[in-house]
$ cat coords.txt   # compact mmCIF, C-alpha atoms
# COMPACT_ATOMS: atom_id res chain seq x y z
CA MET A 1 203.93 149.89 151.91
CA ARG A 2 201.87 149.82 148.65
CA ARG A 3 204.98 148.78 146.79
CA MET A 4 205.47 145.98 149.34
CA LEU A 5 201.88 144.78 148.87
CA LEU A 6 202.22 144.86 145.06
CA LEU A 7 205.43 142.84 145.26
CA THR A 8 203.77 140.28 147.55
CA ALA A 9 200.75 140.00 145.20
CA LEU A 10 203.05 139.44 142.21
CA CYS A 11 204.95 136.74 144.09
CA VAL A 12 201.72 134.95 145.04
CA LEU A 13 200.41 135.18 141.45
CA GLY A 14 203.71 133.86 140.14
CA ALA A 15 203.67 130.98 142.57
CA VAL A 16 200.09 130.10 141.62
CA THR A 17 200.93 130.27 137.92
CA VAL A 18 203.94 127.99 138.34
CA ALA A 19 201.99 125.57 140.50
CA LEU A 20 198.97 125.46 138.23
CA PRO A 21 200.11 122.82 135.68
CA VAL A 22 200.81 120.34 138.46
CA SER A 23 197.83 120.97 140.70
CA ALA A 24 195.42 121.20 137.76
CA GLN A 25 196.73 118.05 136.03
CA GLU A 26 193.93 115.56 135.62
CA GLY A 27 193.79 112.12 134.12
CA PRO A 28 196.64 109.69 133.69
CA VAL A 29 200.30 110.41 134.32
CA VAL A 30 202.79 108.56 132.15
CA ALA A 31 206.29 107.71 133.31
CA VAL A 32 209.04 105.73 131.57
CA ASP A 33 211.99 103.87 133.07
CA GLN A 34 214.67 105.23 130.74
CA GLU A 35 215.91 108.60 129.57
CA SER A 36 218.14 107.47 126.77
CA VAL A 37 218.93 104.26 124.91
CA ASP A 38 221.97 103.46 122.78
CA THR A 39 221.18 100.57 120.49
CA VAL A 40 221.70 99.09 117.04
CA ILE A 41 219.24 98.42 114.24
CA GLY A 42 216.97 95.46 114.90
CA THR A 43 217.85 95.09 118.59
CA GLU A 44 214.82 94.87 120.82
CA THR A 45 214.57 97.28 123.76
CA VAL A 46 211.98 96.75 126.45
CA MET A 47 210.56 99.97 127.89
CA MET A 48 208.64 99.88 131.15
CA VAL A 49 205.83 102.40 130.97
CA GLU A 50 203.92 103.26 134.15
CA ILE A 51 200.52 104.86 133.76
CA SER A 52 199.01 106.13 136.99
CA ASN A 53 195.90 108.03 137.94
CA SER A 54 196.80 111.03 140.07
CA GLY A 55 193.31 112.48 139.83
CA THR A 56 190.30 112.04 142.07
CA ALA A 57 188.06 110.21 139.58
CA PRO A 58 188.49 107.04 137.53
CA THR A 59 190.20 107.66 134.19
CA GLY A 60 187.84 105.56 132.11
CA PRO A 61 189.26 103.23 129.43
CA LEU A 62 192.56 104.41 128.02
CA VAL A 63 194.69 103.72 125.01
CA ALA A 64 198.45 104.10 125.05
CA HIS A 65 200.13 104.95 121.75
CA LEU A 66 203.77 104.84 120.76
CA LEU A 67 205.22 107.89 119.03
CA VAL A 68 208.59 108.05 117.28
CA VAL A 69 209.95 111.44 116.31
CA ASP A 70 212.99 112.05 114.16
CA PRO A 71 214.10 115.61 114.97
CA ALA A 72 216.48 115.66 111.99
CA GLY A 73 213.65 114.56 109.72
CA GLY A 74 215.81 112.28 107.60
CA GLY A 75 215.21 108.83 109.03
CA SER A 76 212.25 106.49 109.16
CA ALA A 77 210.11 107.57 112.10
CA ASP A 78 207.19 105.32 111.36
CA ALA A 79 206.40 103.84 114.77
CA GLU A 80 204.64 100.92 113.09
CA ASP A 81 208.04 99.75 111.85
CA TRP A 82 209.42 99.82 115.39
CA THR A 83 206.81 97.70 117.13
CA SER A 84 204.07 95.25 116.38
CA GLU A 85 201.90 96.86 119.07
CA LEU A 86 201.38 100.48 118.17
CA ASN A 87 198.33 100.88 120.43
CA ARG A 88 197.83 99.27 123.84
CA PRO A 89 194.30 99.46 125.25
CA LEU A 90 194.09 99.80 129.03
CA ASP A 91 191.30 99.40 131.54
CA SER A 92 190.12 102.32 133.61
CA LEU A 93 192.41 103.30 136.49
CA ALA A 94 190.90 104.13 139.86
CA PRO A 95 192.27 107.18 141.70
CA GLY A 96 195.78 106.39 142.90
CA GLU A 97 195.98 103.22 140.85
CA ALA A 98 198.92 102.56 138.52
CA HIS A 99 199.52 100.08 135.77
CA THR A 100 202.86 99.15 134.22
CA ILE A 101 203.19 97.83 130.70
CA GLU A 102 206.18 96.49 128.82
CA TRP A 103 206.73 97.88 125.37
CA ASP A 104 209.13 96.14 122.97
CA VAL A 105 210.62 98.34 120.31
CA ALA A 106 213.22 97.55 117.67
CA PRO A 107 214.46 100.47 115.54
CA ILE A 108 214.80 99.78 111.86
CA MET A 109 217.12 102.57 110.78
CA ALA A 110 220.16 104.34 112.15
CA GLY A 111 219.64 107.84 113.56
CA ASP A 112 218.80 109.94 116.57
CA TYR A 113 215.17 109.61 117.61
CA ARG A 114 212.81 110.64 120.40
CA VAL A 115 210.29 108.05 121.60
CA LEU A 116 207.20 109.04 123.59
CA ILE A 117 204.12 107.29 124.89
CA SER A 118 200.87 109.20 124.70
CA VAL A 119 197.89 108.03 126.74
CA VAL A 120 194.46 109.07 125.55
CA PRO A 121 191.22 108.59 127.54
CA ILE A 122 188.80 106.96 125.10
CA ASP A 123 185.79 108.75 126.55
CA GLY A 124 187.41 112.17 126.13
CA GLY A 125 189.54 114.24 128.41
CA PRO A 126 193.05 115.57 128.02
CA PRO A 127 195.74 113.22 126.72
CA SER A 128 198.97 112.69 128.62
CA VAL A 129 202.45 112.25 127.22
CA SER A 130 205.45 110.57 128.78
CA PRO A 131 208.86 112.21 129.02
CA GLN A 132 210.80 111.57 125.85
CA ILE A 133 213.34 108.78 125.57
CA ARG A 134 216.31 109.53 123.36
CA PHE A 135 217.14 106.60 121.06
CA THR A 136 220.57 106.70 119.46
CA VAL A 137 220.49 103.97 116.85
CA SER A 138 223.61 102.81 115.03
CA GLN A 139 223.88 100.49 112.05
CA PRO A 140 225.55 97.13 112.54
CA ASP A 141 227.92 95.98 109.82
CA ALA A 142 226.18 92.60 109.91
CA LEU A 143 223.07 93.97 108.14
CA VAL A 144 224.89 93.09 104.94
CA SER A 145 226.43 89.65 105.18
CA GLY A 146 230.03 89.48 104.08
CA ALA A 147 229.23 86.25 102.28
CA THR A 148 226.90 87.91 99.77
CA LEU A 149 229.52 89.02 97.25
CA PRO A 150 231.56 85.78 97.31
CA VAL A 151 228.36 83.76 96.85
CA ALA A 152 227.18 86.06 94.04
CA ILE A 153 230.45 85.42 92.19
CA ALA A 154 231.05 81.77 93.09
CA VAL A 155 227.62 80.27 92.33
CA PRO A 156 227.44 81.34 88.64
CA VAL A 157 231.02 80.13 88.15
CA ILE A 158 230.15 76.76 89.69
CA ALA A 159 226.93 76.62 87.61
CA ILE A 160 228.88 77.25 84.39
CA GLY A 161 231.37 74.54 85.40
CA ALA A 162 228.54 72.11 86.12
CA ALA A 163 226.90 72.89 82.76
CA LEU A 164 230.19 72.23 80.91
CA VAL A 165 230.71 68.97 82.81
CA THR A 166 227.20 67.72 81.98
CA ARG A 167 227.77 68.57 78.30
CA ARG A 168 231.02 66.58 78.35
CA ILE A 169 229.32 63.62 80.07
CA GLU A 170 226.55 63.63 77.46
CA ARG A 171 229.11 63.71 74.60
CA THR A 172 231.02 60.83 76.15
CA VAL A 173 227.83 58.80 76.60
CA ALA A 174 226.65 59.59 73.07
CA HIS A 175 229.94 58.52 71.48
CA ARG A 176 230.31 55.37 73.56
CA PRO A 177 230.03 52.29 71.31
CA THR A 178 226.95 50.25 72.12
CA MET B 1 207.41 45.93 83.41
CA ASN B 2 206.14 46.59 86.91
CA ASP B 3 204.92 50.05 87.86
CA THR B 4 207.77 51.25 90.08
CA LYS B 5 210.43 50.15 87.60
CA SER B 6 208.69 51.75 84.66
CA VAL B 7 208.11 55.01 86.58
CA ALA B 8 211.82 55.06 87.51
CA LEU B 9 212.76 54.42 83.88
CA VAL B 10 210.60 57.30 82.66
CA VAL B 11 212.03 59.62 85.35
CA ARG B 12 215.59 58.68 84.40
CA GLU B 13 215.01 59.29 80.70
CA GLU B 14 213.20 62.58 81.30
CA VAL B 15 215.90 63.85 83.65
CA ARG B 16 218.59 62.88 81.13
CA ASP B 17 216.68 64.68 78.40
CA ALA B 18 216.47 67.88 80.40
CA TRP B 19 219.77 67.86 82.29
CA LEU B 20 222.25 66.04 80.05
CA ARG B 21 220.91 66.45 76.52
CA GLY B 22 218.82 69.55 77.17
CA TRP B 23 219.23 73.13 78.31
CA GLY B 24 218.62 72.52 82.03
CA PRO B 25 222.17 73.26 83.25
CA TRP B 26 222.43 76.42 81.14
CA LEU B 27 219.06 77.67 82.38
CA MET B 28 220.41 77.22 85.91
CA VAL B 29 223.42 79.34 84.94
CA GLY B 30 220.86 82.01 84.03
CA VAL B 31 219.12 81.52 87.38
CA ALA B 32 222.46 81.89 89.18
CA PHE B 33 223.22 85.16 87.36
CA ALA B 34 219.71 86.50 88.09
CA LEU B 35 219.98 85.63 91.78
CA SER B 36 223.50 87.11 91.95
CA GLY B 37 222.25 90.40 90.50
CA VAL B 38 219.34 90.59 92.91
CA ALA B 39 221.43 89.52 95.92
CA VAL B 40 224.06 92.18 95.30
CA GLY B 41 221.37 94.74 94.52
CA VAL B 42 219.40 94.19 97.72
CA ALA B 43 222.43 93.84 99.95
CA TYR B 44 224.37 96.89 98.89
CA THR B 45 221.76 99.62 98.65
CA SER B 46 223.07 102.99 99.81
CA GLN B 47 220.59 103.62 102.62
CA ILE B 48 219.75 100.15 103.84
CA ASN B 49 217.52 99.78 106.87
CA LEU B 50 216.32 96.67 108.62
CA LEU B 51 212.94 96.64 106.87
CA ASP B 52 214.58 97.00 103.45
CA ALA B 53 217.08 94.27 104.33
CA ARG B 54 214.26 91.87 105.27
CA GLU B 55 212.29 92.87 102.18
CA GLY B 56 215.43 92.18 100.16
CA VAL B 57 215.58 88.61 101.48
CA ALA B 58 211.87 88.25 100.69
CA ILE B 59 212.48 89.43 97.10
CA LEU B 60 215.23 86.85 96.74
CA VAL B 61 213.02 84.08 98.15
CA ARG B 62 210.11 85.10 95.88
CA LEU B 63 212.42 85.11 92.87
CA ALA B 64 213.84 81.68 93.73
CA ILE B 65 210.39 80.17 94.23
CA GLY B 66 208.98 81.95 91.17
CA LEU B 67 211.75 80.78 88.85
CA GLY B 68 211.56 77.23 90.19
CA LEU B 69 207.80 77.14 89.69
CA LEU B 70 208.07 78.60 86.20
CA PHE B 71 210.50 75.88 85.10
CA VAL B 72 208.39 73.15 86.71
CA LEU B 73 205.26 74.53 85.08
CA PHE B 74 206.77 74.77 81.60
CA GLY B 75 208.43 71.37 81.89
CA ALA B 76 205.28 69.68 83.15
CA ALA B 77 202.85 71.43 80.81
CA ASP B 78 205.01 70.36 77.86
CA SER B 79 205.41 66.75 79.06
CA ILE B 80 202.53 65.00 77.22
CA SER B 81 201.01 67.66 74.97
CA GLY B 82 204.54 68.54 73.79
CA GLU B 83 205.02 64.93 72.65
CA ARG B 84 201.66 65.22 70.91
CA ASP B 85 202.71 68.40 69.10
CA ARG B 86 206.04 66.88 68.06
CA ALA B 87 204.25 63.71 66.88
CA THR B 88 206.37 61.55 69.18
CA LEU B 89 203.57 60.50 71.52
CA GLU B 90 202.42 57.58 69.39
CA SER B 91 205.85 55.90 69.44
CA LEU B 92 206.14 56.65 73.15
CA LEU B 93 202.83 54.94 73.83
CA LEU B 94 204.04 51.87 71.96
CA THR B 95 206.82 51.31 74.51
CA PRO B 96 206.09 48.61 77.13
CA VAL B 97 205.33 51.19 79.80
CA GLU B 98 201.87 51.71 81.20
CA HIS B 99 200.30 55.07 80.44
CA SER B 100 199.84 55.85 84.12
CA SER B 101 203.55 55.17 84.77
CA LEU B 102 204.46 57.41 81.87
CA VAL B 103 202.42 60.32 83.25
CA LEU B 104 203.62 59.80 86.83
CA GLY B 105 207.24 59.53 85.69
CA LYS B 106 207.01 62.75 83.71
CA ALA B 107 205.42 64.55 86.66
CA ILE B 108 208.15 63.37 89.06
CA ALA B 109 210.86 64.28 86.55
CA ALA B 110 209.45 67.83 86.32
CA MET B 111 210.23 68.19 90.04
CA ALA B 112 213.94 68.05 89.16
CA TRP B 113 213.58 71.63 87.91
CA TRP B 114 212.43 72.67 91.34
CA LEU B 115 215.11 70.68 93.14
CA VAL B 116 217.98 72.15 91.12
CA THR B 117 216.61 75.71 91.39
CA PHE B 118 216.36 75.22 95.15
CA LEU B 119 219.96 73.99 95.34
CA VAL B 120 221.16 77.00 93.33
CA ALA B 121 219.11 79.44 95.45
CA THR B 122 220.14 78.04 98.85
CA PRO B 123 223.54 79.76 99.17
CA TYR B 124 221.99 83.11 98.20
CA VAL B 125 219.18 82.86 100.76
CA LEU B 126 221.64 81.86 103.48
CA ALA B 127 224.13 84.61 102.59
CA VAL B 128 221.68 87.49 102.22
CA GLY B 129 219.44 86.28 105.05
CA THR B 130 222.31 86.19 107.56
CA GLY B 131 222.51 90.01 107.61
CA PRO B 132 219.05 90.92 108.95
CA GLY B 133 218.64 87.46 110.57
CA GLY B 134 216.25 84.58 109.96
CA ALA B 135 218.19 82.95 107.12
CA LEU B 136 217.24 79.42 108.15
CA ASP B 137 213.57 80.36 108.51
CA ALA B 138 213.68 81.90 105.04
CA LEU B 139 215.23 78.71 103.69
CA ALA B 140 212.53 76.67 105.44
CA VAL B 141 209.89 78.73 103.60
CA VAL B 142 211.57 78.05 100.24
CA ALA B 143 211.93 74.36 101.02
CA THR B 144 208.38 73.77 102.25
CA ALA B 145 206.03 76.28 100.62
CA GLY B 146 208.09 76.23 97.43
CA LEU B 147 208.09 72.43 97.26
CA ALA B 148 204.35 72.19 97.98
CA MET B 149 203.58 74.67 95.22
CA ALA B 150 206.00 72.98 92.83
CA VAL B 151 204.24 69.64 93.38
CA PHE B 152 200.83 71.30 93.04
CA PHE B 153 201.66 73.13 89.82
CA GLY B 154 203.88 70.39 88.38
CA PHE B 155 201.42 67.54 88.82
CA GLY B 156 198.52 69.86 87.93
CA ALA B 157 200.23 70.89 84.69
CA VAL B 158 200.90 67.24 83.79
CA LEU B 159 197.23 66.50 84.41
CA ILE B 160 196.28 69.32 82.04
CA SER B 161 198.95 68.27 79.55
CA ALA B 162 197.58 64.71 79.40
CA ARG B 163 194.16 66.04 78.41
CA ALA B 164 195.11 69.01 76.23
CA ARG B 165 195.07 68.64 72.44
CA THR B 166 197.98 71.02 71.89
CA ASN B 167 200.91 72.36 73.83
CA LEU B 168 199.56 75.89 73.51
CA VAL B 169 196.33 74.91 75.26
CA SER B 170 198.26 73.08 77.97
CA LEU B 171 200.62 75.98 78.68
CA GLY B 172 197.82 78.53 78.45
CA LEU B 173 195.61 76.68 80.93
CA ALA B 174 198.50 76.12 83.35
CA LEU B 175 199.46 79.80 83.31
CA LEU B 176 195.80 80.80 83.63
CA ALA B 177 195.54 78.66 86.77
CA VAL B 178 198.58 80.41 88.25
CA GLY B 179 197.10 83.81 87.41
CA VAL B 180 193.72 83.01 88.95
CA LEU B 181 195.30 81.66 92.13
CA ALA B 182 197.48 84.76 92.45
CA VAL B 183 194.45 87.10 92.44
CA PRO B 184 193.56 86.84 96.17
CA GLY B 185 197.04 88.11 96.98
CA LEU B 186 196.20 91.35 95.19
CA LEU B 187 193.05 92.02 97.22
CA PRO B 188 193.20 95.19 99.32
CA ALA B 189 193.87 94.75 103.03
CA ALA B 190 190.37 96.01 103.90
CA VAL B 191 188.85 93.03 102.07
CA THR B 192 191.13 90.40 103.56
CA ARG B 193 190.72 91.55 107.17
CA GLY B 194 187.24 90.02 107.51
CA PRO B 195 186.51 86.33 108.06
CA ILE B 196 185.72 85.68 104.39
CA GLY B 197 188.91 87.45 103.32
CA GLN B 198 190.94 85.48 105.85
CA PHE B 199 189.37 82.24 104.59
CA ILE B 200 190.28 83.11 100.99
CA LEU B 201 193.87 83.89 102.02
CA ARG B 202 194.20 80.59 103.81
CA ALA B 203 192.36 78.48 101.23
CA ASP B 204 194.32 79.68 98.20
CA PRO B 205 197.63 77.78 98.09
CA VAL B 206 199.51 80.56 96.30
CA THR B 207 198.34 83.40 98.56
CA SER B 208 198.78 81.24 101.63
CA SER B 209 202.38 80.52 100.67
CA LEU B 210 203.06 84.21 100.08
CA GLN B 211 201.51 85.05 103.45
CA LEU B 212 203.86 82.56 105.09
CA LEU B 213 206.79 84.11 103.27
CA ASN B 214 205.90 87.67 104.33
CA ARG B 215 205.21 86.76 107.94
CA VAL B 216 208.39 84.76 108.38
CA VAL B 217 210.87 86.69 106.23
CA VAL B 218 209.63 90.30 106.45
CA ASP B 219 207.83 90.35 109.81
CA GLN B 220 210.39 87.99 111.37
CA HIS B 221 207.86 85.65 112.97
CA SER B 222 209.28 82.20 113.57
CA PHE B 223 208.56 79.56 110.95
CA ALA B 224 207.04 77.29 113.59
CA SER B 225 204.52 79.92 114.68
CA GLU B 226 203.26 80.46 111.11
CA VAL B 227 203.38 76.87 109.91
CA THR B 228 199.56 76.66 109.64
CA TRP B 229 199.80 78.76 106.44
CA LEU B 230 201.27 75.63 104.83
CA ALA B 231 198.00 73.74 105.21
CA SER B 232 196.38 74.71 101.90
CA PRO B 233 199.52 74.35 99.72
CA VAL B 234 200.16 70.88 101.18
CA ILE B 235 196.51 69.80 100.86
CA ALA B 236 196.36 71.11 97.28
CA ALA B 237 199.58 69.24 96.44
CA VAL B 238 198.28 65.97 97.92
CA ILE B 239 194.97 66.29 96.02
CA VAL B 240 196.69 66.92 92.68
CA VAL B 241 199.16 64.04 93.19
CA ALA B 242 196.24 61.75 94.01
CA ALA B 243 194.43 62.97 90.89
CA VAL B 244 197.46 62.09 88.72
CA VAL B 245 198.03 58.69 90.37
CA VAL B 246 194.39 57.62 90.43
CA GLY B 247 192.86 59.70 87.66
CA VAL B 248 195.18 59.17 84.69
CA ARG B 249 194.94 55.59 83.47
CA THR B 250 195.21 56.17 79.75
CA VAL B 251 196.76 58.80 77.54
CA GLU B 252 195.03 59.38 74.22
CA ILE B 253 196.92 60.32 71.09
CA GLU B 254 194.16 62.78 70.26
CA PRO B 255 192.05 63.52 73.34
CA GLY B 256 188.32 63.87 72.71
CA SER B 257 188.55 62.31 69.24
$ encode --input "coords.txt" --output "structure tokens"
Amino acid sequence: MRRMLLLTALCVLGAVTVALPVSAQEGPVVAVDQESVDTVIGTETVMMVEISNSGTAPTGPLVAHLLVVDPAGGGSADAEDWTSELNRPLDSLAPGEAHTIEWDVAPIMAGDYRVLISVVPIDGGPPSVSPQIRFTVSQPDALVSGATLPVAIAVPVIAIGAALVTRRIERTVAHRPT
Amino acid sequence: MNDTKSVALVVREEVRDAWLRGWGPWLMVGVAFALSGVAVGVAYTSQINLLDAREGVAILVRLAIGLGLLFVLFGAADSISGERDRATLESLLLTPVEHSSLVLGKAIAAMAWWLVTFLVATPYVLAVGTGPGGALDALAVVATAGLAMAVFFGFGAVLISARARTNLVSLGLALLAVGVLAVPGLLPAAVTRGPIGQFILRADPVTSSLQLLNRVVVDQHSFASEVTWLASPVIAAVIVVAAVVVGVRTVEIEPGS
């Protein structure tokens, strides 16, 4: 019987512990509309970010911030290079209220990245983070125009030709009897 | 000889001097080689990313504008004071051409340096700019901001050259003016964020042009949305042209004597 009671108590404690992070979550909840994105350098992706207040009190003014993480650590993970709007200020959300924002991002370098949105209450309180979006970014061949090398060779050749022609014209004009 | 005809005559002779009898075409060969080196260098870096690719186009555009302005500046600063130094001004002033036409003709002829540099640079800007995008916007920056600055510095240098006693003074003053006008571009971002800083950025034709270049070529804003940055270069160019047309009536063999 005592063993039965102990087992029951452990189950209840376990259930409470598991339930705690959800029931105790206060402040804004951040959700994103995508789990993964396959894209190429420079291509704009629009992320829909929903920030909702699941608490019982207004959130107060918030600021949403874009985070770019490069797990491999080799690529450029400077979020400022990905978007012109690194921070998005938001008005206070009433309990149960939600607000959706569009966030345009354009990766600048090939690699495998994780993108997150963190929402921080300006007046204090715990920050919230969205689920991560996996960005697989590939490099387009078009970043280097195929015309660069031909132009780099052709223009000096044409310029030399033009210089020789002008010299010949000048000699002809100079030796022309007046 | 009426004014327009005499200005055209001076332009024709000056252009011939520089581009048929002079070193103009061979200097453009040098420009072509310099742009080729930079174009290949920026396009084929081992770890290119979009930001570097855009910055590469910006470097190419800056180089094209910079070289064009340098040639215009040297050509224009040498135009009158150079004749003075070579003791050819007196015979030039004896020709049946009004002094004002002479100065205006030399100033217009100096623009040929800009025009030819622009023509040489155009294929490079289009080729390198096609990769990261915005090639036509980059070309629009070269054509407009570059031209406005070329007119400003070219006509300004001729104005200085007409008054300077020696070529050294003329060149020195012209280069000093470029240096002074480039200073606001070196101010730290904290200074230029405020209203006074923003005013300085917009009022200075050189910095304003560079701002336009960075916003359009590097930040990929459309040329149309940033066109207001052209205001001060265009206004400065118009003022200097008016100063040459209205202000220079006579050219003295020895100014101030």
$ atom_distance --input "coords.txt" --atom1 "CA of Val158 in chain B" --atom2 "CA of Val234 in chain B"
17.8 Å
$ residues_around --input "coords.txt" --residues "Gly68 in chain B" --least-positions-apart "5" --cutoff "7 Å" --atoms "all atoms listed in the file" --output "PyMOL selection string"
chain B and resi 113-114+117
$ atom_distance --input "coords.txt" --atom1 "CA of Ser128 in chain A" --atom2 "CA of Thr43 in chain A"
27.7 Å
$ interface_residues --input "coords.txt" --of "chain A" --to "chain B" --cutoff "6 Å" --atoms "all atoms listed in the file" --output "PyMOL selection string"
chain A and resi 108-109+142-145+147-148+152+156+159-160+163+166+170
$ atom_distance --input "coords.txt" --atom1 "CA of Phe153 in chain B" --atom2 "CA of Leu73 in chain B"
6.1 Å
$ residues_around --input "coords.txt" --residues "Ser36 in chain A" --least-positions-apart "5" --cutoff "7 Å" --atoms "all atoms listed in the file" --output "ChimeraX atom specification"
/A:133-135
$ residues_around --input "coords.txt" --residues "Thr59 in chain A" --least-positions-apart "6" --cutoff "12 Å" --atoms "all atoms listed in the file" --output "PyMOL selection string"
chain A and resi 26-29+51-53+90-98+119-128
$ residues_around --input "coords.txt" --residues "Asp78 in chain B" --least-positions-apart "2" --cutoff "9 Å" --atoms "all atoms listed in the file" --output "ChimeraX atom specification"
/B:73-76,80-83,157-158,161,167-168,170-171
$ decode --input "coords.txt" --residues "range 95-162 of chain B" --atoms "C-alpha atoms" --output "compact mmCIF listing (two decimals), in the first residue's frame"
# COMPACT_ATOMS: atom_id res chain seq x y z
CA THR B 95 43.41 85.09 -81.20
CA PRO B 96 40.03 86.60 -82.17
CA VAL B 97 38.21 84.66 -79.47
CA GLU B 98 36.67 86.33 -76.46
CA HIS B 99 38.23 85.44 -73.14
CA SER B 100 34.94 84.18 -71.75
CA SER B 101 34.53 81.85 -74.75
CA LEU B 102 38.06 80.59 -74.26
CA VAL B 103 37.42 79.71 -70.61
CA LEU B 104 34.00 78.17 -71.31
CA GLY B 105 35.39 76.15 -74.23
CA LYS B 106 38.22 74.78 -72.12
CA ALA B 107 35.81 73.85 -69.32
CA ILE B 108 33.48 72.02 -71.73
CA ALA B 109 36.43 70.27 -73.38
CA ALA B 110 37.57 69.00 -69.95
CA MET B 111 34.25 67.13 -69.73
CA ALA B 112 35.45 64.89 -72.58
CA TRP B 113 37.69 63.16 -70.03
CA TRP B 114 34.64 62.28 -68.01
CA LEU B 115 32.62 61.18 -71.03
CA VAL B 116 35.29 58.81 -72.33
CA THR B 117 35.98 57.36 -68.86
CA PHE B 118 32.24 56.76 -68.48
CA LEU B 119 32.08 55.00 -71.86
CA VAL B 120 35.04 52.78 -70.92
CA ALA B 121 33.55 51.99 -67.47
CA THR B 122 30.02 51.20 -68.69
CA PRO B 123 30.61 47.60 -69.86
CA TYR B 124 32.39 46.78 -66.58
CA VAL B 125 29.58 48.16 -64.40
CA LEU B 126 26.97 46.29 -66.45
CA ALA B 127 28.93 43.02 -66.44
CA VAL B 128 29.89 42.95 -62.76
CA GLY B 129 26.59 44.48 -61.62
CA THR B 130 24.51 41.81 -63.35
CA GLY B 131 25.65 39.16 -60.84
CA PRO B 132 24.28 40.58 -57.58
CA GLY B 133 21.65 42.65 -59.45
CA GLY B 134 21.08 46.38 -59.84
CA ALA B 135 23.48 46.93 -62.74
CA LEU B 136 21.32 49.60 -64.36
CA ASP B 137 20.87 51.44 -61.07
CA ALA B 138 24.64 51.37 -60.57
CA LEU B 139 25.10 52.77 -64.06
CA ALA B 140 22.53 55.48 -63.32
CA VAL B 141 24.61 56.51 -60.28
CA VAL B 142 27.76 56.76 -62.41
CA ALA B 143 25.93 58.70 -65.11
CA THR B 144 24.20 61.20 -62.84
CA ALA B 145 26.26 61.67 -59.66
CA GLY B 146 29.49 61.20 -61.61
CA LEU B 147 28.49 63.74 -64.26
CA ALA B 148 27.32 66.29 -61.68
CA MET B 149 30.61 66.01 -59.81
CA ALA B 150 32.62 66.13 -63.03
CA VAL B 151 30.88 69.38 -64.02
CA PHE B 152 31.34 70.77 -60.50
CA PHE B 153 35.03 69.94 -60.28
CA GLY B 154 35.80 70.60 -63.95
CA PHE B 155 34.24 74.05 -64.12
CA GLY B 156 35.47 74.82 -60.58
CA ALA B 157 39.04 73.90 -61.54
CA VAL B 158 38.85 76.08 -64.67
CA LEU B 159 37.64 78.95 -62.49
CA ILE B 160 40.64 78.46 -60.20
CA SER B 161 42.97 78.01 -63.17
CA ALA B 162 41.86 81.34 -64.69
